[in-house]
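Contents: one structure, followed by commentary.
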Amino acid sequence: MNDLVRRAPWLWRALLLLGLALALLPTTDLLRLAGSLDAADGMIEIVDDLPPDSLVLVGFDPDLGTYAEIRPTVRTLLADLLEHDARLAFVSLTPEGRALAIAERARLLAGEVAPDRLIDGGFVPGAEAAIVSLARAIVGGGDRLVAGLPDEPIALGLIVGGNDIGPRSWVEQFEPRIEGLDLVAVAPSVLLPELTPYLESGQLRALLATPRDGAAYRESAAPSALGEIDGPPPLAVLLGMLVALAVLGFALATHFGGALRSSRGREPA
């Protein structure tokens with residue numbers, strides 16, 4: 001075996017790369033890229049059940065690094081809610097989320113959405129502590145932190161999450177303090193492992209957190225000029241992950257290969 005490896009140095013590098021792929025495949029949840037339509041159907045059902053003129057609280061805190069992955073799905077979902085005559089109240093707890101919320105709200109206003117349907121709740125500093133204070137303010141147990149938030153019942157909570165503040169924080173800090181409020185979420189695929197238990201327990205009513213789920217939702221939702229149908233193809237996302245894995249494997253192979261040759265060079269004749 002050692003003679004074979006010395007004659008074909010690429011072979012052990014390929015074996016190392018294959019081992020890395022097999023080890024990482026279960027944890028990266030790649031199989032969900034070709035998953036079912038359950039996630040999309042669940043989100044569509046919740047949106048369809050909203051009464052007219054419902055107030056939807058949008059916790060908008062994606063980050064710049066992962067927003068490109070979920071942006072088409074977020075835009076389609078916002079358009080779908082507006083098509084169902086909902087009013088959207090945007091609240092952000094991170095600076096990046098606030099910047100992206102301003103951009104998305106401006107885009108919708110440019111699409112001739114009435115300003116009273118796009119409520120700017122502003123930026124609430126404090127991260128998870130701000131979620132608790134916001135929940136208390138909504139139920140009337142604290143000072144009103146968000147001046148632009150209407151004093152009326154909220155029909156649905158939509159959480160657009162990122163690495164800093166995601167749906168997990170809202171489920172743990174907000175939902176227990178707001179009785180009867182359903183939470184749905186859109187999040188990058190990196191957050192899927194930590195969000196799956198909340199989805200299975202019903203604490204999240206619906207979740208779109210893989211490219212495949214997002215694509216299925218965009219295909220099934222009612223078409224709208226305000227949405228964004230085209231998104232990153234699942235195959236392209238998978239290919240990118242495999243390329244990154246190949247680069248990592250090659251780097252490790254080069255490092256350990258050099259170390260192995262050095263150690264053999266030091267062996268006594």
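Simple scheme: letters A, B, ... for chains in structure tokens order, numbers from 1 for residues in each chain, numbers from 1 for ligands in the order shown.
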
Closest pair table for segment 118-232 of chain A residues within 12 Å of segment 65-73 of chain A, only C-alpha atoms, as CSV:
```
residue,atom,partner,partner_atom,distance
A:Val160,CA,A:Ile70,CA,8.8
A:Gly161,CA,A:Tyr67,CA,8.9
A:Gly162,CA,A:Thr66,CA,6.9
A:Asn163,CA,A:Thr66,CA,8.2
A:Asp164,CA,A:Gly65,CA,11.0
A:Gly166,CA,A:Thr66,CA,11.9
A:Ala185,CA,A:Thr73,CA,10.8
A:Val186,CA,A:Ile70,CA,7.2
A:Ala187,CA,A:Ile70,CA,6.7
A:Pro188,CA,A:Ile70,CA,6.1
A:Ser189,CA,A:Glu69,CA,8.4
A:Val190,CA,A:Thr66,CA,9.0
A:Leu191,CA,A:Thr66,CA,10.5
A:Leu207,CA,A:Thr73,CA,11.3
A:Leu208,CA,A:Thr73,CA,8.1
A:Ala209,CA,A:Ile70,CA,8.0
A:Thr210,CA,A:Ile70,CA,8.5
A:Pro211,CA,A:Glu69,CA,7.3
A:Arg212,CA,A:Thr73,CA,10.5
A:Asp213,CA,A:Thr73,CA,9.0
A:Gly214,CA,A:Thr73,CA,5.4
A:Ala215,CA,A:Thr73,CA,7.4
A:Ala216,CA,A:Thr73,CA,9.5
A:Tyr217,CA,A:Thr73,CA,7.3
A:Arg218,CA,A:Thr73,CA,6.4
A:Glu219,CA,A:Thr73,CA,10.1
A:Ser220,CA,A:Thr73,CA,11.4
A:Ala221,CA,A:Thr73,CA,10.1
A:Leu226,CA,A:Pro72,CA,10.5
A:Gly227,CA,A:Pro72,CA,7.3
A:Glu228,CA,A:Pro72,CA,4.9
A:Ile229,CA,A:Pro72,CA,6.4
A:Asp230,CA,A:Pro72,CA,6.7
A:Gly231,CA,A:Pro72,CA,5.5
A:Pro232,CA,A:Glu69,CA,6.9
```

Would you give me, as a Markdown table, each residue of segment 52-78 of chain A having an atom within 12 Å of an atom of segment 111-131 of chain A, along with its shortest atom pair and that distance in Å to one decimal, using only C-alpha atoms and sorting by chain and residue number?
```
| residue | atom | partner | partner_atom | distance |
| --- | --- | --- | --- | --- |
| A:Asp53 | CA | A:Arg117 | CA | 8.9 |
| A:Ser54 | CA | A:Arg117 | CA | 10.0 |
| A:Leu55 | CA | A:Arg117 | CA | 8.9 |
| A:Val56 | CA | A:Ile119 | CA | 9.8 |
| A:Leu57 | CA | A:Gly121 | CA | 9.1 |
| A:Val58 | CA | A:Gly121 | CA | 9.2 |
| A:Gly59 | CA | A:Ile131 | CA | 9.6 |
| A:Phe60 | CA | A:Phe123 | CA | 9.8 |
| A:Asp61 | CA | A:Phe123 | CA | 10.1 |
| A:Leu78 | CA | A:Leu118 | CA | 10.3 |
```

- Pick from A:Gly180, A:Pro52, A:Pro150, A:Gly202: nearest to Leu81 of chain A, with only C-alpha atoms counted? A:Pro52

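For the atom pair formed by atom CA of Leu149 of chain A and atom CA of Ala89 of chain A, the distance is 6.7 Å, given to one decimal.
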
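When only C-alpha atoms are used to compute distances to Val74 of chain A, the closest of the residues A:Glu104, A:Glu179, A:Glu96, A:Glu45 turns out to be A:Glu104.
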
- Give the alpha helix (DSSP H) residues of segment 19-189 of chain A, as assigned by DSSP on the backbone, as a ChimeraX atom specification. /A:19-28,38-48,67-83,95-110,128-138,167-173

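Per DSSP on the backbone, strand (DSSP E) in segment 23-125 of chain A comprises A:Leu55, A:Val56, A:Leu57, A:Val58, A:Gly59, A:Phe60, A:Arg87, A:Leu88, A:Ala89, A:Phe90, A:Val91, A:Ser92, A:Leu118, A:Ile119, A:Asp120, A:Gly121, A:Gly122, A:Phe123.
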
Find the spatial neighbours of segment 195-201 of chain A, counting only C-alpha atoms, within a cut-off of 8 Å - ignore same-chain residues fewer than 4 positions away - and output them as a CSV table (one decimal) with N, CA, C and O atoms, in the first residue's frame.
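Final output, part.csv:
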```
chain,number,residue,atom,x,y,z
A,167,PRO,N,-34.0,33.1,14.6
A,167,PRO,CA,-35.3,32.6,15.1
A,167,PRO,C,-35.2,32.0,16.5
A,167,PRO,O,-36.2,32.1,17.2
A,168,ARG,N,-34.1,31.4,16.8
A,168,ARG,CA,-34.0,30.7,18.1
A,168,ARG,C,-34.1,31.7,19.2
A,168,ARG,O,-34.8,31.4,20.2
A,171,VAL,N,-37.8,32.6,19.5
A,171,VAL,CA,-38.6,31.5,20.1
A,171,VAL,C,-38.4,31.4,21.6
A,171,VAL,O,-39.4,31.3,22.4
A,191,LEU,N,-28.2,27.7,9.9
A,191,LEU,CA,-28.9,27.7,11.2
A,191,LEU,C,-29.9,26.5,11.3
A,191,LEU,O,-30.6,26.4,12.3
A,205,ARG,N,-44.0,27.6,13.7
A,205,ARG,CA,-45.0,27.0,12.9
A,205,ARG,C,-44.6,26.6,11.5
A,205,ARG,O,-45.1,25.7,10.9
A,206,ALA,N,-43.6,27.4,10.9
A,206,ALA,CA,-43.1,27.1,9.6
A,206,ALA,C,-41.7,27.6,9.5
A,206,ALA,O,-41.4,28.6,10.1
A,207,LEU,N,-40.9,27.0,8.7
A,207,LEU,CA,-39.5,27.4,8.5
A,207,LEU,C,-39.0,27.1,7.1
A,207,LEU,O,-39.2,26.0,6.6
```

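Reported to one decimal place, the separation of atom CA of Arg177 of chain A from atom CA of Val132 of chain A is 7.9 Å.
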
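Take the candidates A:Leu88, A:Leu158, A:Val47, A:Val184 and check each one against Leu108 of chain A using only C-alpha atoms; the shortest distance goes to A:Leu88.
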
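Shortest separation to Leu100 of chain A among A:Asp85, A:Asp80, A:Pro62, A:Ala135 occurs at residue A:Pro62, atoms counted being only C-alpha atoms.
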